[in-house]
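What's in work23.csv: CSV, C-alpha atoms
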chain,number,residue,atom,x,y,z
C,138,MET,CA,0.0,0.0,0.0
C,139,GLY,CA,1.1,3.5,-0.7
C,140,ILE,CA,1.5,6.1,2.0
C,141,CYS,CA,-1.5,8.4,2.4
C,142,ILE,CA,-0.2,11.9,2.1
C,143,ASN,CA,-2.9,13.2,4.4
C,144,ASN,CA,-1.2,11.4,7.2
C,145,PHE,CA,1.5,14.1,7.1
C,146,SER,CA,-0.8,16.9,8.0
C,147,LYS,CA,0.3,16.9,11.7
C,148,ILE,CA,3.9,17.2,10.5
C,149,LEU,CA,3.2,20.0,8.0
C,150,ASN,CA,1.2,22.0,10.6
C,151,TRP,CA,3.7,21.6,13.4
C,152,ARG,CA,5.3,24.8,14.7
C,153,PRO,CA,8.6,25.1,16.6
C,154,PRO,CA,9.0,26.6,20.1
C,155,ASN,CA,8.9,30.3,20.3
C,156,ASN,CA,12.6,30.6,21.1
C,157,TRP,CA,13.5,29.1,17.7
C,158,LEU,CA,14.4,31.4,14.8
C,159,GLU,CA,12.4,31.0,11.6
C,160,ILE,CA,13.9,32.2,8.3
C,161,LYS,CA,12.0,32.0,5.1
C,162,THR,CA,13.9,31.9,1.7
C,163,ILE,CA,13.3,31.5,-2.0
C,164,ASP,CA,16.0,29.3,-3.5
C,165,LEU,CA,17.2,29.8,-7.1
C,166,HIS,CA,20.1,29.0,-9.4
C,167,THR,CA,21.6,31.2,-12.0
C,168,GLU,CA,23.2,29.1,-14.7
C,169,GLY,CA,23.8,26.4,-12.1
C,170,GLU,CA,25.1,28.7,-9.3
C,171,PRO,CA,22.9,28.6,-6.2
C,172,LEU,CA,21.2,31.6,-4.5
C,173,ARG,CA,19.4,31.4,-1.2
C,174,MET,CA,17.4,34.6,-1.0
C,175,ILE,CA,16.3,35.6,2.5
C,176,ILE,CA,12.9,37.2,2.4
C,177,GLU,CA,11.5,36.9,5.9
C,178,GLY,CA,12.7,36.5,9.5
C,179,TYR,CA,16.1,38.2,9.3
C,180,PRO,CA,16.4,41.1,11.8
C,181,THR,CA,16.2,44.7,10.7
C,182,LEU,CA,19.7,46.1,9.9
C,183,PRO,CA,20.4,49.7,10.9
C,184,GLY,CA,22.7,51.8,8.7
C,185,LYS,CA,22.5,54.7,6.2
C,186,THR,CA,24.4,52.7,3.6
C,187,ILE,CA,24.5,49.1,2.5
C,188,LEU,CA,28.1,48.8,3.7
C,189,GLU,CA,27.0,50.0,7.1
C,190,LYS,CA,24.1,47.4,7.1
C,191,ARG,CA,26.6,44.8,5.9
C,192,LYS,CA,29.0,45.6,8.8
C,193,PHE,CA,26.1,45.3,11.3
C,194,ALA,CA,25.1,42.0,9.9
C,195,LYS,CA,28.6,40.7,10.1
C,196,ASN,CA,29.1,41.9,13.7
C,197,LYS,CA,25.7,41.0,15.2
C,198,PHE,CA,24.0,38.3,13.1
C,199,ASP,CA,26.8,36.3,11.5
C,200,ASN,CA,25.2,33.2,13.2
C,201,ILE,CA,22.3,33.4,10.8
C,202,ARG,CA,24.7,33.4,7.8
C,203,ARG,CA,26.5,30.4,9.1
C,204,ALA,CA,23.3,28.5,9.8
C,205,LEU,CA,21.8,29.1,6.4
C,206,ILE,CA,24.9,28.9,4.2
C,207,LEU,CA,26.9,26.1,5.8
C,208,GLU,CA,26.0,22.6,6.6
C,209,PRO,CA,23.6,21.0,7.5
C,210,ARG,CA,21.2,23.5,5.7
C,211,GLY,CA,23.7,24.5,3.0
C,212,HIS,CA,27.1,23.4,1.8
C,213,SER,CA,30.5,24.8,1.1
C,214,ASP,CA,29.5,26.2,-2.2
C,215,MET,CA,26.2,27.7,-1.1
C,216,TYR,CA,25.6,31.4,-1.7
C,217,GLY,CA,23.0,33.7,-0.3
C,218,ALA,CA,21.4,37.2,-0.3
C,219,ILE,CA,19.9,39.2,2.5
C,220,ILE,CA,17.1,41.5,1.1
C,221,THR,CA,16.9,44.9,2.9
C,222,GLU,CA,15.2,48.2,2.5
C,223,PRO,CA,16.9,50.4,-0.1
C,224,VAL,CA,19.3,53.2,1.0
C,225,THR,CA,18.9,55.5,-2.0
C,226,ARG,CA,15.7,57.1,-3.3
C,227,GLU,CA,16.0,55.4,-6.7
C,228,ALA,CA,16.3,51.8,-5.5
C,229,ASP,CA,13.6,49.3,-5.0
C,230,ILE,CA,15.6,47.1,-2.6
C,231,GLY,CA,18.9,46.7,-0.9
C,232,VAL,CA,21.0,43.5,-1.0
C,233,ILE,CA,23.8,42.0,1.1
C,234,PHE,CA,25.6,39.1,-0.4
C,235,ILE,CA,26.8,36.1,1.8
C,236,HIS,CA,28.9,33.0,1.2
C,237,ASN,CA,30.8,30.3,3.1
C,238,ASP,CA,33.5,32.8,4.3
C,239,GLY,CA,31.5,35.9,5.0
C,240,TYR,CA,30.2,38.8,2.9
C,241,SER,CA,31.0,39.8,-0.6
C,242,THR,CA,30.8,43.3,-2.2
C,243,GLY,CA,29.1,42.4,-5.5
C,244,CYS,CA,27.5,39.4,-7.2
C,245,GLY,CA,26.2,39.2,-10.7
C,246,HIS,CA,24.6,35.8,-10.5
C,247,ALA,CA,22.7,36.9,-7.4
C,248,VAL,CA,21.5,40.1,-9.1
C,249,ILE,CA,20.1,37.9,-12.0
C,250,ALA,CA,18.4,35.5,-9.6
C,251,ILE,CA,16.9,38.2,-7.4
C,252,THR,CA,15.5,40.0,-10.4
C,253,LYS,CA,14.0,36.7,-11.7
C,254,ALA,CA,12.4,36.0,-8.3
C,255,LEU,CA,11.0,39.5,-7.7
C,256,VAL,CA,9.6,40.0,-11.2
C,257,GLU,CA,8.4,36.4,-11.8
C,258,THR,CA,6.5,36.3,-8.5
C,259,GLY,CA,4.9,39.7,-9.0
C,260,TYR,CA,6.7,41.5,-6.2
C,261,ILE,CA,7.7,43.9,-8.9
C,262,LYS,CA,5.0,44.4,-11.5
C,263,LYS,CA,5.8,42.7,-14.8
C,264,ASN,CA,6.0,44.8,-17.9
C,265,GLU,CA,6.8,43.5,-21.4
C,266,PRO,CA,9.2,43.5,-23.0
C,267,GLU,CA,11.3,44.5,-20.0
C,268,THR,CA,10.8,45.1,-16.3
C,269,MET,CA,13.4,47.3,-14.5
C,270,LEU,CA,14.6,46.7,-11.0
C,271,ARG,CA,17.0,49.0,-9.1
C,272,MET,CA,19.0,47.7,-6.2
C,273,ASP,CA,21.6,49.1,-3.7
C,274,VAL,CA,24.5,46.7,-3.2
C,275,PRO,CA,27.8,47.0,-1.3
C,276,SER,CA,29.7,47.9,-4.5
C,277,GLY,CA,27.2,50.6,-5.6
C,278,HIS,CA,23.9,50.9,-7.5
C,279,ILE,CA,22.8,48.2,-9.9
C,280,ILE,CA,20.0,48.4,-12.6
C,281,SER,CA,18.7,45.2,-13.9
C,282,TYR,CA,16.1,44.4,-16.6
C,283,ALA,CA,14.0,41.2,-16.8
C,284,ARG,CA,13.1,40.2,-20.3
C,285,VAL,CA,9.5,39.2,-20.2
C,286,VAL,CA,7.8,37.1,-22.9
C,287,ASP,CA,4.2,35.9,-22.5
C,288,ASN,CA,4.2,36.9,-18.8
C,289,GLU,CA,7.4,34.8,-18.1
C,290,VAL,CA,10.9,36.1,-17.3
C,291,LYS,CA,13.1,34.5,-19.9
C,292,SER,CA,16.4,36.2,-19.0
C,293,VAL,CA,17.9,39.1,-17.1
C,294,ARG,CA,20.5,41.7,-18.0
C,295,PHE,CA,22.0,44.2,-15.6
C,296,ILE,CA,24.2,47.3,-15.8
C,297,ASN,CA,27.1,46.8,-13.4
C,298,VAL,CA,29.2,49.2,-11.4
C,299,PRO,CA,32.2,50.8,-13.1
C,300,SER,CA,34.8,48.1,-13.7
C,301,PHE,CA,38.5,48.8,-14.1
C,302,VAL,CA,42.0,47.2,-14.2
C,303,GLN,CA,44.4,47.8,-11.3
C,304,GLU,CA,47.3,45.8,-12.7
C,305,LEU,CA,48.2,44.1,-16.0
C,306,ASN,CA,50.9,41.5,-16.5
C,307,GLY,CA,51.9,41.0,-12.8
C,308,VAL,CA,54.0,38.0,-12.0
C,309,ILE,CA,53.7,35.7,-9.0
C,310,ASN,CA,55.3,32.4,-7.8
C,311,ILE,CA,53.6,29.6,-5.8
C,312,ASN,CA,54.8,26.2,-4.7
C,313,ASP,CA,54.6,24.2,-7.9
C,314,TYR,CA,54.5,27.1,-10.5
C,315,GLN,CA,56.9,29.9,-11.2
C,316,ASP,CA,56.4,33.2,-13.0
C,317,ILE,CA,52.6,33.0,-13.3
C,318,SER,CA,51.3,36.0,-15.2
C,319,TYR,CA,48.2,37.7,-13.7
C,320,ASP,CA,46.0,40.7,-14.1
C,321,ILE,CA,44.0,42.3,-11.3
C,322,ALA,CA,40.7,43.9,-12.1
C,323,PHE,CA,37.5,45.0,-10.3
C,324,GLY,CA,34.0,44.2,-11.5
C,325,GLY,CA,32.1,44.6,-8.3
C,326,ALA,CA,34.9,42.7,-6.4
C,327,PHE,CA,38.6,42.4,-7.1
C,328,TYR,CA,39.9,39.3,-9.0
C,329,ALA,CA,43.3,37.9,-10.0
C,330,ILE,CA,42.9,36.7,-13.6
C,331,VAL,CA,45.2,34.0,-14.9
C,332,SER,CA,45.5,31.8,-17.9
C,333,ALA,CA,44.7,28.1,-17.2
C,334,GLU,CA,46.7,27.1,-20.3
C,335,GLU,CA,49.8,28.7,-18.9
C,336,LEU,CA,49.4,26.4,-15.9
C,337,ASP,CA,48.6,23.4,-18.0
C,338,LEU,CA,45.3,23.3,-16.1
C,339,GLU,CA,42.2,22.0,-17.8
C,340,CYS,CA,39.1,23.7,-16.3
C,341,LYS,CA,36.7,20.7,-16.1
C,342,PRO,CA,34.6,19.3,-13.3
C,343,SER,CA,36.9,16.3,-12.7
C,344,ASN,CA,39.8,18.7,-11.9
C,345,ILE,CA,37.8,20.7,-9.3
C,346,ASN,CA,40.1,20.0,-6.4
C,347,LYS,CA,43.2,21.0,-8.3
C,348,ILE,CA,41.4,24.1,-9.5
C,349,ILE,CA,40.5,25.1,-6.0
C,350,ASN,CA,44.0,24.4,-4.6
C,351,ILE,CA,45.8,26.4,-7.2
C,352,GLY,CA,43.2,29.2,-7.2
C,353,MET,CA,43.5,29.6,-3.4
C,354,GLU,CA,47.4,29.5,-3.6
C,355,ILE,CA,47.4,32.2,-6.2
C,356,LYS,CA,44.8,34.3,-4.3
C,357,ASN,CA,46.8,34.1,-1.1
C,358,ALA,CA,50.1,34.8,-2.7
C,359,ILE,CA,48.9,37.9,-4.5
C,360,SER,CA,47.0,39.1,-1.4
C,361,ASN,CA,50.3,39.0,0.5
C,362,LYS,CA,52.1,40.9,-2.3
C,363,VAL,CA,49.6,43.4,-3.6
C,364,ASP,CA,47.4,46.0,-1.9
C,365,VAL,CA,44.2,46.1,-4.0
C,366,SER,CA,42.7,49.6,-3.8
C,367,HIS,CA,39.3,50.8,-4.7
C,368,PRO,CA,39.4,54.6,-5.3
C,369,PHE,CA,36.4,55.4,-3.1
C,370,ASP,CA,35.8,52.8,-0.4
C,371,LYS,CA,38.3,50.9,1.6
C,372,GLU,CA,35.6,48.2,2.5
C,373,LEU,CA,36.1,46.9,-1.0
C,374,ASN,CA,39.9,46.6,-0.7
C,375,PHE,CA,40.4,42.8,-0.7
C,376,LEU,CA,41.1,40.2,-3.3
C,377,TYR,CA,37.9,38.2,-3.6
C,378,GLY,CA,39.0,35.4,-5.9
C,379,THR,CA,41.1,33.9,-8.7
C,380,ILE,CA,39.7,33.6,-12.2
C,381,PHE,CA,41.1,31.0,-14.6
C,382,ILE,CA,40.6,31.7,-18.3
C,383,ASP,CA,40.4,28.6,-20.4
C,384,LYS,CA,39.4,27.6,-23.9
C,385,ALA,CA,35.6,27.3,-24.4
C,386,SER,CA,34.0,24.0,-25.4
C,387,SER,CA,32.5,25.5,-28.5
C,388,LYS,CA,33.6,28.0,-31.1
C,389,GLU,CA,30.4,30.0,-30.5
C,390,TYR,CA,31.8,31.0,-27.1
C,391,HIS,CA,34.6,33.4,-26.5
C,392,SER,CA,36.3,31.5,-23.6
C,393,LYS,CA,35.7,29.8,-20.3
C,394,ASN,CA,35.7,31.6,-17.0
C,395,VAL,CA,36.2,29.6,-13.7
C,396,CYS,CA,36.2,31.5,-10.5
C,397,VAL,CA,37.6,30.3,-7.1
C,398,PHE,CA,36.5,32.7,-4.4
C,399,ALA,CA,35.9,33.1,-0.7
C,400,ASN,CA,37.1,29.9,1.2
C,401,GLY,CA,37.6,27.7,-1.9
C,402,GLU,CA,34.1,28.1,-3.4
C,403,VAL,CA,33.8,27.5,-7.2
C,404,ASP,CA,31.2,29.4,-9.1
C,405,ARG,CA,29.1,27.2,-11.3
C,406,SER,CA,28.1,30.1,-13.4
C,407,PRO,CA,30.6,32.2,-15.4
C,408,THR,CA,30.5,34.8,-12.5
C,409,GLY,CA,28.8,38.1,-13.2
C,410,THR,CA,31.3,40.3,-11.4
C,411,GLY,CA,34.1,38.1,-12.9
C,412,VAL,CA,33.1,38.6,-16.5
C,413,SER,CA,32.8,42.3,-15.7
C,414,ALA,CA,36.4,42.3,-14.6
C,415,ARG,CA,37.3,40.3,-17.7
C,416,ILE,CA,35.7,42.8,-20.1
C,417,ALA,CA,37.6,45.6,-18.3
C,418,VAL,CA,40.8,43.8,-19.0
C,419,HIS,CA,40.0,43.0,-22.7
C,420,TYR,CA,39.0,46.7,-23.2
C,421,ALA,CA,42.2,47.9,-21.6
C,422,ARG,CA,44.2,45.7,-24.0
C,423,ASN,CA,42.2,47.0,-27.0
C,424,GLU,CA,41.0,43.4,-27.6
C,425,ILE,CA,37.3,44.3,-27.6
C,426,ALA,CA,35.5,47.4,-28.7
C,427,LEU,CA,32.8,49.2,-26.8
C,428,GLY,CA,29.4,47.5,-27.5
C,429,THR,CA,30.9,44.2,-28.7
C,430,PRO,CA,29.3,41.3,-26.8
C,431,ILE,CA,31.1,38.1,-25.9
C,432,THR,CA,29.7,34.9,-24.5
C,433,ILE,CA,31.7,33.3,-21.7
C,434,GLU,CA,31.3,29.7,-20.6
C,435,SER,CA,31.3,28.3,-17.1
C,436,ILE,CA,32.9,25.1,-15.7
C,437,ILE,CA,29.5,23.3,-16.3
C,438,GLY,CA,28.9,24.7,-19.7
C,439,SER,CA,26.4,27.5,-18.8
C,440,THR,CA,27.0,31.0,-20.2
C,441,PHE,CA,26.8,34.7,-19.6
C,442,THR,CA,27.0,37.3,-22.3
C,443,VAL,CA,28.9,40.5,-21.4
C,444,ARG,CA,29.8,43.7,-23.2
C,445,ALA,CA,31.3,47.1,-22.2
C,446,ILE,CA,28.5,49.6,-23.0
C,447,GLU,CA,30.5,52.8,-22.2
C,448,LYS,CA,33.8,54.1,-20.9
C,449,THR,CA,34.1,56.2,-17.8
C,450,LYS,CA,36.5,57.2,-15.1
C,451,ILE,CA,36.6,56.1,-11.4
C,452,GLY,CA,39.2,57.9,-9.4
C,453,LYS,CA,42.5,57.6,-11.2
C,454,TYR,CA,41.4,54.6,-13.2
C,455,ASP,CA,40.0,54.4,-16.7
C,456,ALA,CA,36.9,52.2,-16.4
C,457,VAL,CA,34.0,50.7,-18.4
C,458,ILE,CA,30.4,50.1,-17.6
C,459,PRO,CA,29.6,46.4,-18.2
C,460,GLU,CA,26.3,44.9,-19.1
C,461,VAL,CA,25.9,41.2,-18.2
C,462,GLN,CA,23.1,38.9,-19.3
C,463,GLY,CA,22.1,35.4,-18.1
C,464,SER,CA,19.1,33.4,-16.8
C,465,ALA,CA,17.9,32.0,-13.5
C,466,ASN,CA,15.4,29.5,-12.3
C,467,ILE,CA,13.3,29.4,-9.1
C,468,ILE,CA,13.8,25.9,-7.4
C,469,GLY,CA,12.1,26.1,-4.0
C,470,GLN,CA,10.6,27.9,-1.1
C,471,ASN,CA,12.0,27.1,2.4
C,472,SER,CA,11.2,27.7,6.0
C,473,PHE,CA,14.4,27.1,8.0
C,474,TRP,CA,14.2,26.7,11.8
C,475,ILE,CA,17.2,27.4,14.0
C,476,ASP,CA,17.1,25.7,17.4
C,477,PRO,CA,19.5,27.6,19.8
C,478,GLN,CA,20.2,24.4,21.6
C,479,ASP,CA,21.2,22.5,18.4
C,480,LYS,CA,25.0,22.9,18.4
C,481,ASN,CA,25.7,21.3,15.0
C,482,GLY,CA,22.7,23.2,13.5
C,483,GLN,CA,24.5,26.5,14.0
C,484,GLY,CA,26.5,25.7,10.9
C,485,PHE,CA,29.8,24.0,10.1
C,486,ILE,CA,31.9,23.4,7.1
C,487,LEU,CA,33.6,20.1,6.1
C,488,LYS,CA,35.9,20.2,3.0

Spell out the structure here as structure tokens.
Amino acid sequence: MGICINNFSKILNWRPPNNWLEIKTIDLHTEGEPLRMIIEGYPTLPGKTILEKRKFAKNKFDNIRRALILEPRGHSDMYGAIITEPVTREADIGVIFIHNDGYSTGCGHAVIAITKALVETGYIKKNEPETMLRMDVPSGHIISYARVVDNEVKSVRFINVPSFVQELNGVININDYQDISYDIAFGGAFYAIVSAEELDLECKPSNINKIINIGMEIKNAISNKVDVSHPFDKELNFLYGTIFIDKASSKEYHSKNVCVFANGEVDRSPTGTGVSARIAVHYARNEIALGTPITIESIIGSTFTVRAIEKTKIGKYDAVIPEVQGSANIIGQNSFWIDPQDKNGQGFILK
């Protein structure tokens, strides 16, 4: 005999004790990269800027990040977003990005997923052919556009913050590799960009552990050697990850982009802020003209399309404004309960 689903009504209607914390989320993925979007239950964050709210979250409520992102509710490659009220008059929402090691400054895949969720569910009224959403994030102000066809969000493009190159053709040594050439660029976060071919490293899923180990070695070595510097905000002054550029699997794609960030996370998407940093490098080298789109592949074969839509200046740096396009899917709605007496349920990482 099959199980009668009605027998589970007591389980579904059960409520935890009042001293447990309940957090509600919408879960999505953007081209394979997860996004846990916190929509209810997170405490109000004071602050006049998103960076101030981010600092308060880090100092006072980091236990919630750990509980939702790490095991047993998440995993070492989980990613999340805290939705807050906006801090500028133009914005619809504010966003704080979270991962296995803390808080990032920008995240393109999260912008795409959040736009998909808010427009698809009707939180933001749908308009065809495009619906605009404005959000305040730690790295600045983002404008995104959901492409709506027959009342369904098919893809999302967003206009990123000014992206620029801090260093071209730097050289670093690590344990097993000497004279590695790298570039450092900002696309919402700072990245070290290296050639996988130079390292004889094939960026495929079966090489994931090697990719992580080399990526973290390069990140740590450059962090110890170079002071990355955003012209306007010292809170952005850290190297977020290493990007490996590899050959794409198809001639229709420009290249492959594999990003190792935070505490050894690997982005399943091509990385929105990462391809923004990439387009700044290509433009600085006169390899790509303004307005020319390129499609960049991820480690699992998904893609983002990016182009530099205009040039600008940010402090002493020549910069470009990137536009990034991709798609996301809603995969679930969750109510997570955090029992203060559950030691292992507070979050741990095993890798």

(Q) At a cut-off of 6 Å, using all atoms listed in the file, what residues contact C:Phe323? Leave out same-chain residues fewer than 4 positions from it and give the result as a list in words. (A) Ser300, Phe301, Phe327 and Ala414 of chain C

(Q) Just want the 10 Å neighbourhood of C:Lys192, counted on only C-alpha atoms, with same-chain residues fewer than 3 positions away dropped. Output as a PyMOL selection string. (A) chain C and resi 182-184+186-189+195-199+233+240+372

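As for atom CA of C:Ile279 and atom CA of C:Val302, they are spaced 19.7 Å apart.
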
Nearest to C:Gln470, restricted to all atoms listed in the file and choosing among C:Val397, C:Ala254, C:Ala445, C:Ala247, comes out as C:Ala254

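Interatomic distance, atom CA of C:Ile468 to atom CA of C:Ala283: 18.0 Å.
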
Set up a box along x, y and z of the file covering all listed atoms of stretch 231-239 of chain C, add 4 Å on every one of the six sides, and write the centre and edge lengths in Å to one decimal, as lines of an AutoDock Vina configuration file.
center_x = 26.2
center_y = 38.5
center_z = 2.0
size_x = 22.6
size_y = 24.4
size_z = 14.0

Need the shell around stretch 474-480 of chain C: protein/DNA/RNA residues with any atom at most 6 Å away, counting only C-alpha atoms. Skip same-chain ones fewer than 3 positions apart. Format as a PyMOL selection string?
chain C and resi 157-159+483

Might you pull out every residue within 9 Å of C:Asp214, with all atoms listed in the file counted and same-chain residues fewer than 5 positions away left off, and present them as a PyMOL selection string? chain C and resi 170-171+206-207+236-237+401-404

Using only C-alpha atoms, the residue out of C:Tyr390, C:His246, C:Asn306, C:Asn400 with shortest distance to C:Ile486 is C:Asn400

Take the point (42.6, 23.4, -4.8) as written in the file and pick out every residue within 12 Å of it, counting only C-alpha atoms; give the list as an mmCIF file with C-alpha atoms, keeping the file's coordinate frame.
data_model
loop_
_atom_site.group_PDB
_atom_site.id
_atom_site.type_symbol
_atom_site.label_atom_id
_atom_site.label_comp_id
_atom_site.auth_asym_id
_atom_site.auth_seq_id
_atom_site.Cartn_x
_atom_site.Cartn_y
_atom_site.Cartn_z
ATOM 1 C CA LEU C 338 45.300 23.300 -16.100
ATOM 2 C CA ASN C 344 39.800 18.700 -11.900
ATOM 3 C CA ILE C 345 37.800 20.700 -9.300
ATOM 4 C CA ASN C 346 40.100 20.000 -6.400
ATOM 5 C CA LYS C 347 43.200 21.000 -8.300
ATOM 6 C CA ILE C 348 41.400 24.100 -9.500
ATOM 7 C CA ILE C 349 40.500 25.100 -6.000
ATOM 8 C CA ASN C 350 44.000 24.400 -4.600
ATOM 9 C CA ILE C 351 45.800 26.400 -7.200
ATOM 10 C CA GLY C 352 43.200 29.200 -7.200
ATOM 11 C CA MET C 353 43.500 29.600 -3.400
ATOM 12 C CA GLU C 354 47.400 29.500 -3.600
ATOM 13 C CA ILE C 355 47.400 32.200 -6.200
ATOM 14 C CA LYS C 356 44.800 34.300 -4.300
ATOM 15 C CA THR C 379 41.100 33.900 -8.700
ATOM 16 C CA CYS C 396 36.200 31.500 -10.500
ATOM 17 C CA VAL C 397 37.600 30.300 -7.100
ATOM 18 C CA PHE C 398 36.500 32.700 -4.400
ATOM 19 C CA ASN C 400 37.100 29.900 1.200
ATOM 20 C CA GLY C 401 37.600 27.700 -1.900
ATOM 21 C CA GLU C 402 34.100 28.100 -3.400
ATOM 22 C CA VAL C 403 33.800 27.500 -7.200
ATOM 23 C CA LYS C 488 35.900 20.200 3.000
#

Show me the residues around (23.1, 49.4, -19.2) - criterion: an atom at most 7 Å away, only C-alpha atoms counted - as a ChimeraX atom specification. /C:295-296,446,460

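Here the question is which of C:Arg271, C:Ile176, C:Glu208, C:Leu165 gets nearest to C:Leu487 using only C-alpha atoms, and that residue is C:Glu208.
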
For C:Glu389, the closest of C:Asn374, C:Thr432, C:Ser413, C:Asn310 counting only C-alpha atoms is C:Thr432

**Q.** Residue neighbourhood C:Ala465, 6 Å, all atoms listed in the file, exclusion window fewer than 2 positions, as a PyMOL selection string
**A.** chain C and resi 166-167+250

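The coordinates place atom CA of C:Tyr454 at 23.6 Å from atom CA of C:Phe381.
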
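Nearest to C:Ser292 of all the residues C:Lys388, C:Thr440, C:Pro275, C:Asn144 is C:Thr440, counting only C-alpha atoms.
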
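Here the question is which of C:Pro430, C:Gly324, C:Pro368, C:Pro407 gets nearest to C:Lys453 using only C-alpha atoms, and that residue is C:Pro368.
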